[in-house]
$ cat structure-v5.txt   # compact mmCIF, C-alpha atoms and all ligand atoms
# COMPACT_ATOMS: atom_id res chain seq x y z
CA MET A 1 32.82 44.86 -61.86
CA GLU A 2 31.00 46.17 -58.83
CA ARG A 3 30.14 44.83 -55.42
CA LEU A 4 27.05 42.71 -55.46
CA GLN A 5 25.24 44.66 -52.75
CA LYS A 6 25.77 47.89 -54.72
CA ILE A 7 24.44 46.35 -57.92
CA ILE A 8 21.35 45.05 -56.10
CA ALA A 9 20.72 48.41 -54.41
CA ASN A 10 21.24 50.35 -57.67
CA SER A 11 18.71 48.14 -59.39
CA GLY A 12 16.13 49.56 -56.97
CA TYR A 13 15.37 46.14 -55.49
CA CYS A 14 16.19 47.22 -51.90
CA SER A 15 18.67 49.24 -49.86
CA ARG A 16 22.34 48.34 -49.77
CA ARG A 17 22.07 47.22 -46.16
CA LYS A 18 19.14 44.92 -46.96
CA ALA A 19 21.09 43.58 -49.94
CA GLU A 20 24.01 42.70 -47.65
CA GLN A 21 21.65 40.79 -45.39
CA LEU A 22 20.15 38.93 -48.36
CA ILE A 23 23.65 37.96 -49.50
CA ILE A 24 24.56 36.73 -46.01
CA ASP A 25 21.28 34.81 -45.86
CA GLY A 26 22.15 33.01 -49.08
CA LYS A 27 19.29 34.53 -51.03
CA VAL A 28 21.47 35.81 -53.87
CA LEU A 29 22.64 33.77 -56.86
CA VAL A 30 25.14 34.87 -59.48
CA ASN A 31 24.86 32.85 -62.68
CA GLY A 32 22.95 30.23 -60.72
CA ARG A 33 25.53 29.91 -57.92
CA GLN A 34 24.89 31.02 -54.37
CA VAL A 35 27.14 33.86 -53.20
CA THR A 36 27.39 34.64 -49.46
CA ASP A 37 30.60 36.67 -49.41
CA LEU A 38 29.98 40.43 -49.02
CA GLY A 39 33.14 41.22 -50.98
CA SER A 40 31.87 39.46 -54.11
CA LYS A 41 31.73 41.41 -57.33
CA ALA A 42 29.71 41.00 -60.48
CA SER A 43 29.09 42.82 -63.74
CA SER A 44 26.08 43.70 -65.81
CA SER A 45 26.65 40.64 -67.99
CA ASP A 46 26.07 38.32 -64.99
CA VAL A 47 22.63 36.95 -64.25
CA ILE A 48 21.82 37.94 -60.68
CA THR A 49 18.85 36.45 -58.86
CA VAL A 50 17.62 37.80 -55.52
CA GLU A 51 15.04 35.78 -53.60
CA GLY A 52 14.18 34.06 -56.87
CA HIS A 53 13.76 37.33 -58.83
CA ALA A 54 16.10 38.08 -61.75
CA LEU A 55 17.41 41.63 -61.40
CA LYS A 56 16.96 44.21 -64.11
CA LEU A 57 20.49 45.52 -64.25
CA GLU A 58 20.07 48.81 -65.98
CA ASN A 59 21.50 51.47 -63.76
CA LYS A 60 18.49 53.63 -62.95
CA GLU A 61 19.06 57.14 -61.71
CA TYR A 62 16.54 59.63 -60.30
CA ILE A 63 17.45 63.27 -59.71
CA LEU A 64 15.41 66.05 -58.14
CA LEU A 65 16.67 69.39 -59.45
CA TYR A 66 15.82 72.90 -58.24
CA LYS A 67 15.78 74.43 -61.72
CA PRO A 68 16.78 78.08 -61.81
CA ARG A 69 15.17 80.59 -64.15
CA GLY A 70 17.10 81.09 -67.40
CA VAL A 71 17.78 77.42 -68.12
CA VAL A 72 16.07 75.31 -70.80
CA THR A 73 14.45 71.96 -70.08
CA THR A 74 15.98 70.03 -72.96
CA THR A 75 18.94 67.73 -73.34
CA ASN A 76 20.34 69.88 -76.15
CA ASP A 77 19.46 73.46 -77.05
CA GLU A 78 19.87 74.60 -80.65
CA LYS A 79 20.44 78.19 -79.46
CA ASN A 80 23.26 76.99 -77.20
CA ARG A 81 21.57 78.17 -74.03
CA LYS A 82 22.29 76.53 -70.69
CA THR A 83 20.23 73.35 -70.24
CA VAL A 84 19.14 71.47 -67.14
CA MET A 85 21.65 68.76 -68.13
CA ASP A 86 24.49 71.26 -67.58
CA LEU A 87 23.46 71.45 -63.93
CA VAL A 88 23.77 67.76 -63.02
CA GLU A 89 26.68 65.37 -63.11
CA SER A 90 25.82 61.93 -64.41
CA THR A 91 27.27 59.24 -66.61
CA ASN A 92 23.72 58.20 -67.60
CA ARG A 93 21.56 59.64 -70.37
CA LEU A 94 18.90 61.35 -68.31
CA TYR A 95 15.69 62.96 -69.50
CA PRO A 96 13.42 65.48 -67.79
CA VAL A 97 10.04 64.32 -66.50
CA GLY A 98 7.84 66.92 -68.18
CA ARG A 99 9.01 70.44 -68.74
CA LEU A 100 9.44 73.78 -67.04
CA ASP A 101 9.64 76.93 -69.17
CA TYR A 102 12.93 78.82 -69.60
CA ASP A 103 11.71 81.53 -67.21
CA THR A 104 10.12 79.11 -64.69
CA SER A 105 12.06 77.90 -61.65
CA GLY A 106 11.43 75.00 -59.31
CA LEU A 107 11.20 71.28 -58.96
CA LEU A 108 12.13 69.15 -61.95
CA LEU A 109 12.79 65.41 -61.98
CA LEU A 110 15.41 63.91 -64.29
CA THR A 111 15.74 60.19 -64.87
CA ASN A 112 16.63 57.42 -67.31
CA ASP A 113 13.63 55.39 -66.11
CA GLY A 114 11.30 55.74 -69.09
CA GLN A 115 8.60 53.63 -67.49
CA LEU A 116 8.29 55.89 -64.46
CA THR A 117 8.47 59.01 -66.67
CA ASN A 118 5.55 57.77 -68.75
CA LEU A 119 3.51 56.99 -65.67
CA LEU A 120 4.21 60.37 -64.10
CA ILE A 121 3.36 62.44 -67.15
CA HIS A 122 0.27 60.46 -68.14
CA PRO A 123 -2.80 62.61 -67.36
CA SER A 124 -4.77 59.62 -66.05
CA ASN A 125 -2.34 59.40 -63.14
CA LYS A 126 -3.29 62.91 -61.99
CA VAL A 127 0.03 63.68 -60.34
CA GLU A 128 -0.33 66.81 -58.20
CA LYS A 129 1.84 69.78 -59.18
CA VAL A 130 1.91 72.90 -57.04
CA TYR A 131 2.98 76.25 -58.50
CA LEU A 132 3.47 79.68 -57.03
CA ALA A 133 2.55 82.34 -59.56
CA LYS A 134 3.12 86.07 -59.31
CA LEU A 135 0.50 87.84 -61.38
CA GLN A 136 0.30 91.32 -62.77
CA GLY A 137 -2.75 92.99 -61.22
CA ILE A 138 -5.00 92.35 -58.25
CA VAL A 139 -6.77 89.01 -58.65
CA ASP A 140 -10.49 88.65 -58.49
CA PRO A 141 -11.32 85.54 -56.40
CA ALA A 142 -14.46 84.95 -58.49
CA LEU A 143 -12.35 84.63 -61.64
CA LEU A 144 -9.95 82.26 -59.86
CA LYS A 145 -12.92 80.15 -58.82
CA LYS A 146 -14.14 80.05 -62.40
CA MET A 147 -10.67 79.05 -63.60
CA SER A 148 -10.40 76.31 -60.98
CA LEU A 149 -13.56 74.60 -62.19
CA GLY A 150 -11.97 74.08 -65.61
CA ILE A 151 -11.25 76.59 -68.30
CA VAL A 152 -10.68 76.21 -72.03
CA ILE A 153 -7.08 76.59 -73.18
CA ASP A 154 -5.97 75.58 -76.68
CA GLY A 155 -9.52 74.47 -77.42
CA LYS A 156 -9.73 71.97 -74.54
CA LYS A 157 -11.06 72.35 -71.02
CA THR A 158 -8.57 71.87 -68.21
CA ALA A 159 -9.26 69.49 -65.33
CA LYS A 160 -10.31 71.01 -62.01
CA SER A 161 -7.55 72.75 -60.09
CA LYS A 162 -7.14 74.34 -56.67
CA PHE A 163 -5.96 77.82 -55.78
CA LYS A 164 -4.97 79.86 -52.72
CA ILE A 165 -4.36 83.60 -52.71
CA LYS A 166 -1.08 84.02 -50.81
CA LYS A 167 -0.50 87.77 -51.05
CA ILE A 168 -1.91 90.90 -52.63
CA ASP A 169 0.47 93.82 -53.11
CA LYS A 170 -1.63 96.86 -53.90
CA LYS A 171 1.38 99.19 -54.20
CA LYS A 172 3.12 97.02 -56.79
CA ASN A 173 -0.20 95.94 -58.28
CA THR A 174 0.70 92.23 -58.11
CA SER A 175 -0.83 89.08 -56.62
CA LEU A 176 0.76 85.84 -55.44
CA VAL A 177 -1.38 82.77 -56.08
CA GLU A 178 -0.68 79.11 -55.35
CA LEU A 179 -2.16 76.87 -58.02
CA THR A 180 -2.41 73.07 -57.87
CA ILE A 181 -2.94 71.26 -61.15
CA TYR A 182 -3.14 67.58 -62.09
CA GLU A 183 -2.17 67.74 -65.76
CA GLY A 184 0.97 68.91 -67.52
CA ARG A 185 -0.07 70.70 -70.68
CA ASN A 186 2.24 73.10 -72.48
CA HIS A 187 2.57 76.42 -70.58
CA GLN A 188 -0.54 75.34 -68.71
CA VAL A 189 -0.33 77.66 -65.71
CA LYS A 190 0.42 80.78 -67.76
CA LYS A 191 -2.37 79.94 -70.19
CA MET A 192 -4.89 79.30 -67.41
CA PHE A 193 -4.24 82.68 -65.82
CA LYS A 194 -4.20 84.36 -69.23
CA ALA A 195 -7.63 82.85 -69.91
CA ILE A 196 -9.03 84.85 -66.98
CA GLY A 197 -7.09 87.98 -67.91
CA TYR A 198 -3.85 87.85 -65.88
CA ASP A 199 -0.22 87.73 -66.99
CA VAL A 200 2.13 85.53 -64.97
CA ILE A 201 5.27 87.55 -64.26
CA LYS A 202 7.06 84.92 -62.16
CA LEU A 203 6.46 81.19 -61.85
CA LYS A 204 7.91 78.53 -59.58
CA ARG A 205 7.00 74.85 -59.19
CA GLU A 206 7.10 74.18 -55.48
CA ARG A 207 5.92 70.59 -55.37
CA PHE A 208 5.63 67.52 -57.55
CA SER A 209 3.42 64.99 -55.79
CA PHE A 210 4.91 64.50 -52.27
CA LEU A 211 8.32 65.84 -53.37
CA ASP A 212 9.33 69.41 -52.55
CA LEU A 213 12.41 71.62 -52.67
CA LYS A 214 13.33 71.45 -48.98
CA GLY A 215 17.08 71.52 -48.37
CA LEU A 216 17.93 72.74 -51.88
CA THR A 217 18.75 76.17 -53.24
CA SER A 218 18.32 77.20 -56.86
CA GLY A 219 20.63 75.18 -59.13
CA GLU A 220 21.18 72.39 -56.59
CA TYR A 221 19.98 68.80 -56.89
CA ARG A 222 19.80 65.54 -54.99
CA HIS A 223 19.12 61.89 -55.79
CA LEU A 224 15.79 60.38 -54.83
CA SER A 225 15.90 57.60 -52.25
CA ILE A 226 14.72 54.09 -53.10
CA LYS A 227 11.75 54.72 -50.86
CA GLU A 228 10.80 57.87 -52.79
CA VAL A 229 11.05 56.04 -56.13
CA LYS A 230 8.90 53.20 -54.81
CA THR A 231 6.36 55.70 -53.49
CA LEU A 232 6.16 57.37 -56.92
CA TYR A 233 5.49 54.00 -58.56
CA ALA A 234 2.90 53.08 -55.93
CA LEU A 235 1.20 56.42 -56.28
CA THR A 236 0.81 56.20 -60.04
CA LYS A 237 -0.73 52.73 -59.70
CA LYS A 238 -3.14 53.90 -57.02
CA GLN A 239 -4.15 57.15 -58.72
CA GLY A 240 -4.48 55.45 -62.10
CA ARG A 241 -7.29 53.34 -60.66
CA ASP A 242 -9.34 56.33 -59.44
N1 LIG A 301 2.97 76.02 -66.60
C1 LIG A 301 3.59 77.00 -67.28
O1 LIG A 301 2.95 77.86 -67.84
N2 LIG A 301 4.92 77.00 -67.33
C2 LIG A 301 5.70 76.07 -66.71
O2 LIG A 301 6.92 76.13 -66.78
C3 LIG A 301 5.04 75.05 -66.00
C4 LIG A 301 3.68 75.05 -65.96

$ encode --input "structure-v5.txt" --output "structure tokens"
Amino acid sequence: MERLQKIIANSGYCSRRKAEQLIIDGKVLVNGRQVTDLGSKASSSDVITVEGHALKLENKEYILLYKPRGVVTTTNDEKNRKTVMDLVESTNRLYPVGRLDYDTSGLLLLTNDGQLTNLLIHPSNKVEKVYLAKLQGIVDPALLKKMSLGIVIDGKKTAKSKFKIKKIDKKKNTSLVELTIYEGRNHQVKKMFKAIGYDVIKLKRERFSFLDLKGLTSGEYRHLSIKEVKTLYALTKKQGRD
């Protein structure tokens, strides 16, 4: 049994404060009976209606993890390596939204919301992903331009991407390039650079749509706010129509 306002907020319907107001306003029914007491409790077997809408009571959870290098993006690794699941505490069965390689760090979402996962990884939704790649060698801007217009990897041309050269280190013979892609194919960034002749020696995902790593250090995580989850849903609907 949990407090009604918490159940409503956890369902993603609205914030806990808004839920309290809805309860006070008599807009919440439990098993068909109006409940206006803020101390009321309910369980997942109760039918809860808010403003005429029946709540979906699955407890949805959304985590934004700053994945460190040296961790696998699976729920269970057959080689017994550390997985992203070892880094978060949750009573839910969470799954990663897409994948980052073992040696890639950066932003990874974990959730038990399969619907949102499918929307976010579907190529038609063109979710923006921003990577920072350290390359072996000094990049040729003309080759980057060619790559950004679409390049064949695994027999299929990539969608257009954007790039920015952030730093050239002539002494170390390395280049730092920011790459923005809108798909999520296997090892996509490494393969795109390889296709124009460069090896990626370090890779970090800095952004996933409007979400970034601000406030987190490697290995840390936070929960998304209701507003962020709603924005992700809204974004996939909007971009899917383009
Ligand atoms: N592209 C890659 O090559 N590796 C990642 O981990 C993510 C994108």

$ atom_distance --input "structure-v5.txt" --atom1 "atom CA of Lys227 of chain A" --atom2 "atom CA of Leu55 of chain A"
17.7 Å

$ residues_near_ligand --input "structure-v5.txt" --ligand "ligand LIG 301 (chain A)" --cutoff "7 Å" --atoms "only C-alpha atoms and all ligand atoms" --output "MDAnalysis selection string"
chainID A and resid 99:101 104 184 186:191

$ atom_distance --input "structure-v5.txt" --atom1 "atom CA of Leu120 of chain A" --atom2 "atom CA of Gly70 of chain A"
24.6 Å

$ closest_residue --input "structure-v5.txt" --among "A:Asp25, A:Glu228, A:Asp154, A:Asp37" --to "Leu4 of chain A" --atoms "all atoms listed in the file"
A:Asp37

$ residues_around --input "structure-v5.txt" --residues "Lys126 of chain A" --least-positions-apart "4" --cutoff "10 Å" --atoms "all atoms listed in the file" --output "ChimeraX atom specification"
/A:119-122,159,181-184,209,235-236,239-240,242

$ residues_around --input "structure-v5.txt" --residues "segment 76-89 of chain A" --least-positions-apart "5" --cutoff "9 Å" --atoms "all atoms listed in the file" --output "ChimeraX atom specification"
/A:63,65,67-68,70-71,94-96,110,219-221

$ residues_around --input "structure-v5.txt" --residues "segment 28-31 of chain A" --least-positions-apart "2" --cutoff "7 Å" --atoms "only C-alpha atoms" --output "list in words"
Leu22, Ile23, Gly26, Arg33, Gln34, Val35, Asp46, Val47, Ile48, Thr49, Val50 and Glu51 of chain A

$ closest_residue --input "structure-v5.txt" --among "A:Ile151, A:Ala234, A:Ile138, A:Leu132" --to "Phe163 of chain A" --atoms "only C-alpha atoms"
A:Leu132

$ closest_residue --input "structure-v5.txt" --among "A:Ala54, A:Leu203, A:Cys14, A:Ile168" --to "Asp103 of chain A" --atoms "all atoms listed in the file"
A:Leu203

$ residues_around --input "structure-v5.txt" --residues "Ser225 of chain A" --least-positions-apart "6" --cutoff "12 Å" --atoms "only C-alpha atoms" --output "MDAnalysis selection string"
chainID A and resid 9:10 12:16 60:64 211 231:232

$ write_last_selection --input "structure-v5.txt" --atoms "C-alpha atoms" --output "short mmCIF file (atom, residue, chain, number, x, y, z; two decimals), in the coordinates of the input"
data_model
loop_
_atom_site.label_atom_id
_atom_site.label_comp_id
_atom_site.auth_asym_id
_atom_site.auth_seq_id
_atom_site.Cartn_x
_atom_site.Cartn_y
_atom_site.Cartn_z
CA ALA A 9 20.72 48.41 -54.41
CA ASN A 10 21.24 50.35 -57.67
CA GLY A 12 16.13 49.56 -56.97
CA TYR A 13 15.37 46.14 -55.49
CA CYS A 14 16.19 47.22 -51.90
CA SER A 15 18.67 49.24 -49.86
CA ARG A 16 22.34 48.34 -49.77
CA LYS A 60 18.49 53.63 -62.95
CA GLU A 61 19.06 57.14 -61.71
CA TYR A 62 16.54 59.63 -60.30
CA ILE A 63 17.45 63.27 -59.71
CA LEU A 64 15.41 66.05 -58.14
CA LEU A 211 8.32 65.84 -53.37
CA THR A 231 6.36 55.70 -53.49
CA LEU A 232 6.16 57.37 -56.92
#

$ decode --input "structure-v5.txt" --residues "segment 128-142 of chain A" --atoms "all heavy atoms" --output "mmCIF file, in the first residue's frame"
data_model
loop_
_atom_site.group_PDB
_atom_site.id
_atom_site.type_symbol
_atom_site.label_atom_id
_atom_site.label_comp_id
_atom_site.auth_asym_id
_atom_site.auth_seq_id
_atom_site.Cartn_x
_atom_site.Cartn_y
_atom_site.Cartn_z
ATOM 1 N N GLU A 128 18.632 12.926 -31.673
ATOM 2 C CA GLU A 128 19.993 13.447 -31.837
ATOM 3 C C GLU A 128 20.934 12.870 -30.771
ATOM 4 O O GLU A 128 20.593 12.895 -29.585
ATOM 5 C CB GLU A 128 19.920 14.963 -31.680
ATOM 6 C CG GLU A 128 21.166 15.688 -32.049
ATOM 7 C CD GLU A 128 20.912 17.184 -32.067
ATOM 8 O OE1 GLU A 128 21.051 17.818 -31.016
ATOM 9 O OE2 GLU A 128 20.558 17.703 -33.128
ATOM 10 N N LYS A 129 22.070 12.354 -31.195
ATOM 11 C CA LYS A 129 23.073 11.853 -30.257
ATOM 12 C C LYS A 129 24.396 12.538 -30.556
ATOM 13 O O LYS A 129 24.840 12.538 -31.704
ATOM 14 C CB LYS A 129 23.218 10.336 -30.396
ATOM 15 C CG LYS A 129 22.137 9.599 -29.620
ATOM 16 C CD LYS A 129 21.605 8.384 -30.260
ATOM 17 C CE LYS A 129 21.039 8.534 -31.605
ATOM 18 N NZ LYS A 129 19.893 7.713 -31.975
ATOM 19 N N VAL A 130 24.995 13.125 -29.529
ATOM 20 C CA VAL A 130 26.234 13.870 -29.743
ATOM 21 C C VAL A 130 27.404 13.142 -29.077
ATOM 22 O O VAL A 130 27.346 12.839 -27.875
ATOM 23 C CB VAL A 130 26.118 15.312 -29.189
ATOM 24 C CG1 VAL A 130 27.412 16.090 -29.453
ATOM 25 C CG2 VAL A 130 24.926 16.028 -29.797
ATOM 26 N N TYR A 131 28.423 12.862 -29.859
ATOM 27 C CA TYR A 131 29.605 12.143 -29.377
ATOM 28 C C TYR A 131 30.851 13.008 -29.501
ATOM 29 O O TYR A 131 30.958 13.828 -30.426
ATOM 30 C CB TYR A 131 29.841 10.882 -30.213
ATOM 31 C CG TYR A 131 28.783 9.825 -30.034
ATOM 32 C CD1 TYR A 131 27.632 9.829 -30.824
ATOM 33 C CD2 TYR A 131 28.927 8.826 -29.079
ATOM 34 C CE1 TYR A 131 26.658 8.851 -30.662
ATOM 35 C CE2 TYR A 131 27.954 7.850 -28.914
ATOM 36 C CZ TYR A 131 26.827 7.871 -29.703
ATOM 37 O OH TYR A 131 25.864 6.908 -29.537
ATOM 38 N N LEU A 132 31.787 12.775 -28.578
ATOM 39 C CA LEU A 132 33.093 13.394 -28.687
ATOM 40 C C LEU A 132 34.093 12.264 -28.952
ATOM 41 O O LEU A 132 34.203 11.330 -28.142
ATOM 42 C CB LEU A 132 33.423 14.111 -27.381
ATOM 43 C CG LEU A 132 34.558 15.110 -27.418
ATOM 44 C CD1 LEU A 132 34.294 16.208 -28.448
ATOM 45 C CD2 LEU A 132 34.747 15.751 -26.039
ATOM 46 N N ALA A 133 34.742 12.338 -30.097
ATOM 47 C CA ALA A 133 35.641 11.248 -30.487
ATOM 48 C C ALA A 133 37.074 11.754 -30.592
ATOM 49 O O ALA A 133 37.338 12.783 -31.214
ATOM 50 C CB ALA A 133 35.199 10.674 -31.833
ATOM 51 N N LYS A 134 37.978 11.017 -29.950
ATOM 52 C CA LYS A 134 39.406 11.306 -30.107
ATOM 53 C C LYS A 134 39.931 10.361 -31.178
ATOM 54 O O LYS A 134 39.741 9.136 -31.075
ATOM 55 C CB LYS A 134 40.125 11.073 -28.788
ATOM 56 C CG LYS A 134 41.530 11.590 -28.758
ATOM 57 C CD LYS A 134 42.067 11.367 -27.373
ATOM 58 C CE LYS A 134 43.335 12.099 -27.128
ATOM 59 N NZ LYS A 134 43.845 11.812 -25.791
ATOM 60 N N LEU A 135 40.522 10.935 -32.204
ATOM 61 C CA LEU A 135 40.969 10.128 -33.338
ATOM 62 C C LEU A 135 42.484 10.060 -33.401
ATOM 63 O O LEU A 135 43.174 11.026 -33.030
ATOM 64 C CB LEU A 135 40.471 10.747 -34.652
ATOM 65 C CG LEU A 135 38.982 11.074 -34.757
ATOM 66 C CD1 LEU A 135 38.688 11.710 -36.107
ATOM 67 C CD2 LEU A 135 38.138 9.824 -34.560
ATOM 68 N N GLN A 136 42.978 8.960 -33.900
ATOM 69 C CA GLN A 136 44.398 8.848 -34.173
ATOM 70 C C GLN A 136 44.665 9.570 -35.499
ATOM 71 O O GLN A 136 43.990 9.283 -36.494
ATOM 72 C CB GLN A 136 44.767 7.354 -34.296
ATOM 73 C CG GLN A 136 46.247 7.096 -34.387
ATOM 74 C CD GLN A 136 46.958 7.492 -33.100
ATOM 75 O OE1 GLN A 136 46.678 6.966 -32.047
ATOM 76 N NE2 GLN A 136 47.863 8.454 -33.192
ATOM 77 N N GLY A 137 45.579 10.529 -35.468
ATOM 78 C CA GLY A 137 45.916 11.243 -36.705
ATOM 79 C C GLY A 137 45.292 12.632 -36.756
ATOM 80 O O GLY A 137 44.478 13.000 -35.918
ATOM 81 N N ILE A 138 45.714 13.394 -37.729
ATOM 82 C CA ILE A 138 45.203 14.760 -37.916
ATOM 83 C C ILE A 138 44.101 14.693 -38.974
ATOM 84 O O ILE A 138 44.348 14.266 -40.103
ATOM 85 C CB ILE A 138 46.337 15.710 -38.401
ATOM 86 C CG1 ILE A 138 47.559 15.613 -37.469
ATOM 87 C CG2 ILE A 138 45.832 17.141 -38.547
ATOM 88 C CD1 ILE A 138 47.304 16.003 -36.012
ATOM 89 N N VAL A 139 42.891 15.102 -38.574
ATOM 90 C CA VAL A 139 41.762 14.915 -39.506
ATOM 91 C C VAL A 139 41.808 15.883 -40.683
ATOM 92 O O VAL A 139 42.201 17.045 -40.546
ATOM 93 C CB VAL A 139 40.371 15.094 -38.845
ATOM 94 C CG1 VAL A 139 39.870 13.823 -38.254
ATOM 95 C CG2 VAL A 139 40.318 16.263 -37.923
ATOM 96 N N ASP A 140 41.321 15.379 -41.773
ATOM 97 C CA ASP A 140 41.180 16.193 -42.975
ATOM 98 C C ASP A 140 39.714 16.648 -43.047
ATOM 99 O O ASP A 140 38.810 15.809 -43.172
ATOM 100 C CB ASP A 140 41.549 15.306 -44.177
ATOM 101 C CG ASP A 140 41.335 16.016 -45.505
ATOM 102 O OD1 ASP A 140 40.745 17.121 -45.501
ATOM 103 O OD2 ASP A 140 41.734 15.444 -46.536
ATOM 104 N N PRO A 141 39.455 17.958 -42.940
ATOM 105 C CA PRO A 141 38.069 18.442 -42.937
ATOM 106 C C PRO A 141 37.279 17.990 -44.170
ATOM 107 O O PRO A 141 36.076 17.747 -44.079
ATOM 108 C CB PRO A 141 38.214 19.974 -42.920
ATOM 109 C CG PRO A 141 39.588 20.222 -42.418
ATOM 110 C CD PRO A 141 40.428 19.053 -42.819
ATOM 111 N N ALA A 142 37.959 17.826 -45.291
ATOM 112 C CA ALA A 142 37.248 17.405 -46.516
ATOM 113 C C ALA A 142 36.694 15.985 -46.354
ATOM 114 O O ALA A 142 35.588 15.678 -46.815
ATOM 115 C CB ALA A 142 38.194 17.468 -47.707
#
